[in-house]
file entry_7.pdb (PDB, C-alpha atoms)
ATOM      1  CA  MET A   1      -1.749  -5.635  14.474
ATOM      2  CA  ILE A   2       0.056  -2.662  15.935
ATOM      3  CA  SER A   3       3.355  -3.956  14.546
ATOM      4  CA  TYR A   4       1.947  -3.543  11.030
ATOM      5  CA  GLU A   5       0.786   0.001  11.776
ATOM      6  CA  ILE A   6       4.254   0.876  13.072
ATOM      7  CA  SER A   7       5.881  -0.739  10.025
ATOM      8  CA  MET A   8       3.573   1.235   7.761
ATOM      9  CA  GLY A   9       4.511   4.450   9.546
ATOM     10  CA  PHE A  10       8.244   3.837   9.215
ATOM     11  CA  SER A  11       7.817   2.974   5.531
ATOM     12  CA  VAL A  12       5.986   6.243   4.922
ATOM     13  CA  GLY A  13       8.732   7.996   6.887
ATOM     14  CA  GLY A  14      11.263   6.869   4.285
ATOM     15  CA  VAL A  15       9.074   8.279   1.499
ATOM     16  CA  ILE A  16       8.719  11.583   3.323
ATOM     17  CA  LEU A  17      12.471  11.781   3.855
ATOM     18  CA  LEU A  18      13.107  11.264   0.132
ATOM     19  CA  ALA A  19      10.447  13.765  -0.947
ATOM     20  CA  GLY A  20      11.342  16.330   1.696
ATOM     21  CA  SER A  21       7.672  17.118   2.245
ATOM     22  CA  LEU A  22       4.446  15.765   3.702
ATOM     23  CA  ARG A  23       2.334  16.991   0.783
ATOM     24  CA  PRO A  24       1.132  14.173  -1.495
ATOM     25  CA  GLU A  25       1.674  16.409  -4.528
ATOM     26  CA  ASP A  26       5.329  16.928  -3.600
ATOM     27  CA  ILE A  27       5.762  13.199  -2.968
ATOM     28  CA  VAL A  28       4.395  12.424  -6.447
ATOM     29  CA  LEU A  29       6.495  15.159  -8.077
ATOM     30  CA  SER A  30       9.627  13.766  -6.427
ATOM     31  CA  GLN A  31       9.090  10.498  -8.326
ATOM     32  CA  ALA A  32       9.965  11.892 -11.768
ATOM     33  CA  GLY A  33      10.272   9.533 -14.711
ATOM     34  CA  TRP A  34      10.798   5.972 -13.538
ATOM     35  CA  MET A  35      12.446   6.921 -10.231
ATOM     36  CA  TRP A  36       9.493   5.709  -8.237
ATOM     37  CA  ASN A  37       9.884   5.166  -4.520
ATOM     38  CA  ALA A  38       9.172   1.461  -5.091
ATOM     39  CA  ILE A  39      12.444   1.302  -7.050
ATOM     40  CA  LEU A  40      14.428   3.574  -4.731
ATOM     41  CA  GLN A  41      13.389   1.776  -1.560
ATOM     42  CA  PRO A  42      12.008  -1.675  -2.339
ATOM     43  CA  VAL A  43      12.111  -2.781   1.301
ATOM     44  CA  GLY A  44       9.855   0.101   2.299
ATOM     45  CA  PHE A  45       7.514  -0.672  -0.590
ATOM     46  CA  ILE A  46       7.222  -4.340   0.359
ATOM     47  CA  THR A  47       6.681  -3.601   4.050
ATOM     48  CA  PHE A  48       4.038  -1.003   3.179
ATOM     49  CA  VAL A  49       2.175  -3.381   0.852
ATOM     50  CA  VAL A  50       2.235  -6.228   3.380
ATOM     51  CA  SER A  51       1.092  -3.828   6.106
ATOM     52  CA  ALA A  52      -1.715  -2.619   3.841
ATOM     53  CA  PHE A  53      -2.839  -6.233   3.420
ATOM     54  CA  ALA A  54      -2.813  -6.656   7.191
ATOM     55  CA  GLU A  55      -4.695  -3.412   7.815
ATOM     56  CA  THR A  56      -7.382  -4.197   5.265
ATOM     57  CA  ASN A  57      -7.896  -7.640   6.852
ATOM     58  CA  ARG A  58      -7.479  -9.406   3.545
ATOM     59  CA  LEU A  59      -6.223 -12.940   3.204
ATOM     60  CA  PRO A  60      -3.746 -14.123   4.409
ATOM     61  CA  PHE A  61      -4.314 -11.750   7.355
ATOM     62  CA  ASP A  62      -8.034 -12.180   8.039
ATOM     63  CA  LEU A  63      -7.914 -14.269  11.157
ATOM     64  CA  PRO A  64     -10.920 -16.029  12.618
ATOM     65  CA  GLU A  65     -10.542 -15.825  16.383
ATOM     66  CA  ALA A  66     -13.475 -17.840  17.683
ATOM     67  CA  GLU A  67     -15.065 -21.148  16.840
ATOM     68  CA  PRO A  68     -18.277 -19.627  15.415
ATOM     69  CA  GLU A  69     -16.194 -17.520  13.037
ATOM     70  CA  LEU A  70     -14.586 -20.667  11.712
ATOM     71  CA  VAL A  71     -18.018 -22.031  10.840
ATOM     72  CA  GLY A  72     -19.393 -18.907   9.234
ATOM     73  CA  GLY A  73     -19.004 -15.785  11.357
ATOM     74  CA  TYR A  74     -20.817 -12.736  10.108
ATOM     75  CA  HIS A  75     -21.535 -14.625   6.869
ATOM     76  CA  THR A  76     -24.203 -16.623   8.698
ATOM     77  CA  GLU A  77     -25.432 -13.799  10.931
ATOM     78  CA  TYR A  78     -26.072 -11.154   8.299
ATOM     79  CA  SER A  79     -27.686 -11.276   4.904
ATOM     80  CA  SER A  80     -28.750  -8.885   2.214
ATOM     81  CA  MET A  81     -27.779  -5.242   2.767
ATOM     82  CA  LYS A  82     -25.974  -5.795   6.071
ATOM     83  CA  PHE A  83     -23.739  -8.341   4.375
ATOM     84  CA  ALA A  84     -23.250  -5.990   1.423
ATOM     85  CA  GLY A  85     -22.239  -3.265   3.889
ATOM     86  CA  PHE A  86     -19.427  -5.432   5.225
ATOM     87  CA  PHE A  87     -18.087  -6.078   1.761
ATOM     88  CA  LEU A  88     -18.544  -2.475   0.666
ATOM     89  CA  ALA A  89     -16.414  -1.354   3.607
ATOM     90  CA  GLU A  90     -13.798  -4.014   2.836
ATOM     91  CA  TYR A  91     -13.493  -3.011  -0.803
ATOM     92  CA  ALA A  92     -13.523   0.713   0.006
ATOM     93  CA  ASN A  93     -10.612   0.049   2.357
ATOM     94  CA  MET A  94      -8.794  -1.791  -0.449
ATOM     95  CA  ILE A  95      -9.344   1.101  -2.863
ATOM     96  CA  ILE A  96      -7.992   3.621  -0.366
ATOM     97  CA  ALA A  97      -4.973   1.444   0.429
ATOM     98  CA  SER A  98      -4.274   1.004  -3.301
ATOM     99  CA  ALA A  99      -4.535   4.751  -3.890
ATOM    100  CA  MET A 100      -2.082   5.359  -1.029
ATOM    101  CA  ILE A 101       0.374   2.816  -2.442
ATOM    102  CA  VAL A 102       0.137   4.402  -5.901
ATOM    103  CA  THR A 103       0.646   7.898  -4.495
ATOM    104  CA  LEU A 104       3.522   7.050  -2.172
ATOM    105  CA  TYR A 105       5.420   4.421  -4.155
ATOM    106  CA  LEU A 106       4.283   4.123  -7.781
ATOM    107  CA  GLY A 107       4.519   7.671  -9.103
ATOM    108  CA  GLY A 108       0.938   8.708  -8.402
ATOM    109  CA  TRP A 109      -0.870  10.245 -11.342
ATOM    110  CA  ARG A 110       2.281  10.940 -13.347
ATOM    111  CA  PHE A 111       2.830   9.038 -16.571
ATOM    112  CA  PRO A 112       6.609   8.753 -17.086
ATOM    113  CA  TYR A 113       7.995  11.524 -19.314
ATOM    114  CA  LEU A 114       4.527  12.696 -20.368
ATOM    115  CA  GLU A 115       5.494  16.350 -19.930
ATOM    116  CA  ASN A 116       8.056  15.968 -22.763
ATOM    117  CA  PHE A 117       5.326  15.350 -25.364
ATOM    118  CA  GLY A 118       3.971  18.926 -25.262
ATOM    119  CA  LEU A 119       0.312  17.955 -24.823
ATOM    120  CA  SER A 120      -2.477  20.425 -24.092
ATOM    121  CA  GLY A 121      -3.549  20.917 -20.472
ATOM    122  CA  GLY A 122      -6.845  19.067 -20.872
ATOM    123  CA  LEU A 123      -5.321  16.038 -22.554
ATOM    124  CA  TYR A 124      -2.536  15.991 -19.976
ATOM    125  CA  ALA A 125      -5.133  15.969 -17.164
ATOM    126  CA  VAL A 126      -7.136  13.147 -18.768
ATOM    127  CA  ILE A 127      -4.020  11.007 -19.232
ATOM    128  CA  SER A 128      -2.966  11.703 -15.632
ATOM    129  CA  VAL A 129      -6.354  10.613 -14.257
ATOM    130  CA  LEU A 130      -6.346   7.495 -16.441
ATOM    131  CA  THR A 131      -2.803   6.679 -15.320
ATOM    132  CA  PHE A 132      -3.817   6.902 -11.664
ATOM    133  CA  CYS A 133      -6.957   4.785 -12.214
ATOM    134  CA  ILE A 134      -5.035   2.102 -14.127
ATOM    135  CA  LYS A 135      -2.390   1.880 -11.383
ATOM    136  CA  VAL A 136      -5.075   1.605  -8.685
ATOM    137  CA  ALA A 137      -6.949  -1.035 -10.721
ATOM    138  CA  ALA A 138      -3.727  -3.043 -11.124
ATOM    139  CA  LEU A 139      -3.194  -2.975  -7.364
ATOM    140  CA  LEU A 140      -6.805  -3.994  -6.733
ATOM    141  CA  PHE A 141      -6.266  -6.945  -9.042
ATOM    142  CA  PHE A 142      -3.133  -7.770  -7.026
ATOM    143  CA  PHE A 143      -5.149  -7.634  -3.768
ATOM    144  CA  ILE A 144      -7.729 -10.033  -5.208
ATOM    145  CA  TRP A 145      -5.076 -12.287  -6.747
ATOM    146  CA  VAL A 146      -3.292 -12.683  -3.405
ATOM    147  CA  ARG A 147      -6.599 -13.578  -1.758
ATOM    148  CA  TRP A 148      -7.091 -16.335  -4.331
ATOM    149  CA  SER A 149      -3.540 -17.636  -3.980
ATOM    150  CA  LEU A 150      -2.378 -17.644  -0.365
ATOM    151  CA  PRO A 151      -3.649 -19.575   2.649
ATOM    152  CA  ARG A 152      -4.368 -17.943   6.010
ATOM    153  CA  PHE A 153      -1.723 -17.384   8.647
ATOM    154  CA  ARG A 154      -2.193 -18.682  12.141
ATOM    155  CA  TYR A 155      -2.293 -15.982  14.792
ATOM    156  CA  ASP A 156       1.207 -16.821  16.076
ATOM    157  CA  GLN A 157       2.595 -16.658  12.522
ATOM    158  CA  LEU A 158       0.969 -13.270  12.035
ATOM    159  CA  MET A 159       2.496 -11.850  15.208
ATOM    160  CA  SER A 160       5.882 -13.378  14.457
ATOM    161  CA  LEU A 161       5.892 -11.875  10.966
ATOM    162  CA  GLY A 162       4.850  -8.480  12.290
ATOM    163  CA  TRP A 163       7.270  -8.127  15.177
ATOM    164  CA  LYS A 164      10.228 -10.218  14.023
ATOM    165  CA  VAL A 165      10.282  -9.400  10.299
ATOM    166  CA  MET A 166       8.209  -6.336   9.340
ATOM    167  CA  PHE A 167       9.148  -4.076  12.233
ATOM    168  CA  PRO A 168      12.949  -4.581  11.932
ATOM    169  CA  LEU A 169      12.795  -4.289   8.125
ATOM    170  CA  SER A 170      10.921  -1.008   8.308
ATOM    171  CA  LEU A 171      13.442   0.351  10.825
ATOM    172  CA  ILE A 172      16.310  -0.707   8.564
ATOM    173  CA  ASN A 173      14.538   0.964   5.642
ATOM    174  CA  ILE A 174      14.193   4.337   7.346
ATOM    175  CA  VAL A 175      17.821   4.267   8.528
ATOM    176  CA  TRP A 176      18.929   3.259   5.014
ATOM    177  CA  VAL A 177      17.031   6.161   3.431
ATOM    178  CA  ALA A 178      18.437   8.611   5.987
ATOM    179  CA  VAL A 179      21.988   7.406   5.277
ATOM    180  CA  LEU A 180      21.405   7.713   1.509
ATOM    181  CA  ILE A 181      20.157  11.255   1.927
ATOM    182  CA  MET A 182      23.091  12.153   4.153
ATOM    183  CA  VAL A 183      25.741  10.609   1.869
ATOM    184  CA  PHE A 184      24.371  11.647  -1.513
ATOM    185  CA  LYS A 185      22.734  14.909  -0.371
ATOM    186  CA  ILE A 186      19.570  13.991  -2.273
TER     187      ILE A 186
END
call {"tool": "encode", "arguments": {"input": "entry_7.pdb", "output": "structure tokens"}}
result
Amino acid sequence: MISYEISMGFSVGGVILLAGSLRPEDIVLSQAGWMWNAILQPVGFITFVVSAFAETNRLPFDLPEAEPELVGGYHTEYSSMKFAGFFLAEYANMIIASAMIVTLYLGGWRFPYLENFGLSGGLYAVISVLTFCIKVAALLFFFIWVRWSLPRFRYDQLMSLGWKVMFPLSLINIVWVAVLIMVFKI
């Protein structure tokens, strides 16, 4: 799974290059209007989302590695609160990954062109929080939808995708963003 962690790092590197800062607030502010990083660098967005799926161990990346896991795994070993703890950790990981995707690629808490409406500070804050929560909820729905829709990868398919597809794409993405910045002086 290290190939997915490396791909995720290179994808975030492209976002940091575009924003010119490591601060999440600056990254969100650099995505003014509809110029989200998902639009500016779609390859980085896709590699980050796929890497987030792999890191959260969601289908199609949750791989059973032993025969007992194929039969039931921890589903048969634990019940009640121990089982709930597993799922609580899994869904907390999904929420954090969705919040990271929203912050880095989907404009964060900013509603496009909201500052042009001349709203009061309190109303602006409420709309910003709602915007962030709606974006995170949409991504959580996407996580669950993919789990319902896609079959599992085999272990060799997972490694092939990680090293032969995701890693080169993320390298190409960071070089592409660096060239864009150099040429257009963004």
call {"tool": "residues_around", "arguments": {"input": "entry_7.pdb", "residues": "range 145-154 of chain A", "least_positions_apart": "4", "cutoff": "10 Å", "atoms": "all atoms listed in the file", "output": "list of chain:residue names"}}
result
A:Phe53, A:Arg58, A:Leu59, A:Pro60, A:Phe61, A:Asp62, A:Leu63, A:Pro64, A:Glu65, A:Leu139, A:Leu140, A:Phe141, A:Leu158, A:Met159, A:Ser160, A:Leu161
call {"tool": "write_last_selection", "arguments": {"input": "entry_7.pdb", "atoms": "C-alpha atoms", "output": "mmCIF file, in the coordinates of the input"}}
result
data_model
loop_
_atom_site.group_PDB
_atom_site.id
_atom_site.type_symbol
_atom_site.label_atom_id
_atom_site.label_comp_id
_atom_site.auth_asym_id
_atom_site.auth_seq_id
_atom_site.Cartn_x
_atom_site.Cartn_y
_atom_site.Cartn_z
ATOM 1 C CA PHE A 53 -2.839 -6.233 3.420
ATOM 2 C CA ARG A 58 -7.479 -9.406 3.545
ATOM 3 C CA LEU A 59 -6.223 -12.940 3.204
ATOM 4 C CA PRO A 60 -3.746 -14.123 4.409
ATOM 5 C CA PHE A 61 -4.314 -11.750 7.355
ATOM 6 C CA ASP A 62 -8.034 -12.180 8.039
ATOM 7 C CA LEU A 63 -7.914 -14.269 11.157
ATOM 8 C CA PRO A 64 -10.920 -16.029 12.618
ATOM 9 C CA GLU A 65 -10.542 -15.825 16.383
ATOM 10 C CA LEU A 139 -3.194 -2.975 -7.364
ATOM 11 C CA LEU A 140 -6.805 -3.994 -6.733
ATOM 12 C CA PHE A 141 -6.266 -6.945 -9.042
ATOM 13 C CA LEU A 158 0.969 -13.270 12.035
ATOM 14 C CA MET A 159 2.496 -11.850 15.208
ATOM 15 C CA SER A 160 5.882 -13.378 14.457
ATOM 16 C CA LEU A 161 5.892 -11.875 10.966
#
call {"tool": "atom_distance", "arguments": {"input": "entry_7.pdb", "atom1": "CA of Leu104 in chain A", "atom2": "CA of Val12 in chain A"}}
result
7.6 Å
call {"tool": "resolve_selection", "arguments": {"input": "entry_7.pdb", "expression": "the PyMOL selection byres ((chain A and resi 28) around 7)", "output": "JSON list (two decimals) with C-alpha atoms, in the frame of the given file"}}
result
[["chain", "number", "residue", "atom", "x", "y", "z"],
["A", 24, "PRO", "CA", 1.13, 14.17, -1.50],
["A", 25, "GLU", "CA", 1.67, 16.41, -4.53],
["A", 26, "ASP", "CA", 5.33, 16.93, -3.60],
["A", 27, "ILE", "CA", 5.76, 13.20, -2.97],
["A", 29, "LEU", "CA", 6.50, 15.16, -8.08],
["A", 30, "SER", "CA", 9.63, 13.77, -6.43],
["A", 31, "GLN", "CA", 9.09, 10.50, -8.33],
["A", 103, "THR", "CA", 0.65, 7.90, -4.50],
["A", 104, "LEU", "CA", 3.52, 7.05, -2.17],
["A", 107, "GLY", "CA", 4.52, 7.67, -9.10],
["A", 108, "GLY", "CA", 0.94, 8.71, -8.40]]
call {"tool": "closest_residue", "arguments": {"input": "entry_7.pdb", "among": "A:Phe142, A:Phe45, A:Phe132, A:Tyr105", "to": "Asn173 in chain A", "atoms": "all atoms listed in the file"}}
result
A:Phe45
call {"tool": "atom_distance", "arguments": {"input": "entry_7.pdb", "atom1": "CA of Met166 in chain A", "atom2": "CA of Ala52 in chain A"}}
result
11.9 Å
call {"tool": "residues_around", "arguments": {"input": "entry_7.pdb", "residues": "Ile127 in chain A", "least_positions_apart": "5", "cutoff": "9 Å", "atoms": "only C-alpha atoms", "output": "ChimeraX atom specification"}}
result
/A:109-111,114,122,132
call {"tool": "closest_residue", "arguments": {"input": "entry_7.pdb", "among": "A:Val50, A:Leu119, A:Ala84, A:Ala97", "to": "Ala137 in chain A", "atoms": "all atoms listed in the file"}}
result
A:Ala97
call {"tool": "axis_aligned_box", "arguments": {"input": "entry_7.pdb", "around": "range 15-33 of chain A", "padding_each_side": "4 Å", "output": "AutoDock Vina command-line options"}}
result
--center_x 7.1 --center_y 12.7 --center_z -5.4 --size_x 20.0 --size_y 16.8 --size_z 26.6
call {"tool": "atom_distance", "arguments": {"input": "entry_7.pdb", "atom1": "CA of Ser7 in chain A", "atom2": "CA of Glu55 in chain A"}}
result
11.1 Å
call {"tool": "closest_residue", "arguments": {"input": "entry_7.pdb", "among": "A:Ser128, A:Gln41, A:Ser21, A:Ser3", "to": "Trp176 in chain A", "atoms": "all atoms listed in the file"}}
result
A:Gln41
call {"tool": "closest_residue", "arguments": {"input": "entry_7.pdb", "among": "A:Leu171, A:Ala32, A:Ser51, A:Gly85", "to": "Glu115 in chain A", "atoms": "only C-alpha atoms"}}
result
A:Ala32
call {"tool": "closest_residue", "arguments": {"input": "entry_7.pdb", "among": "A:Asn37, A:Asn57, A:Ser98, A:Ser79", "to": "Leu18 in chain A", "atoms": "all atoms listed in the file"}}
result
A:Asn37
call {"tool": "closest_residue", "arguments": {"input": "entry_7.pdb", "among": "A:Ile39, A:Pro112, A:Gly44, A:Leu17", "to": "Met182 in chain A", "atoms": "all atoms listed in the file"}}
result
A:Leu17
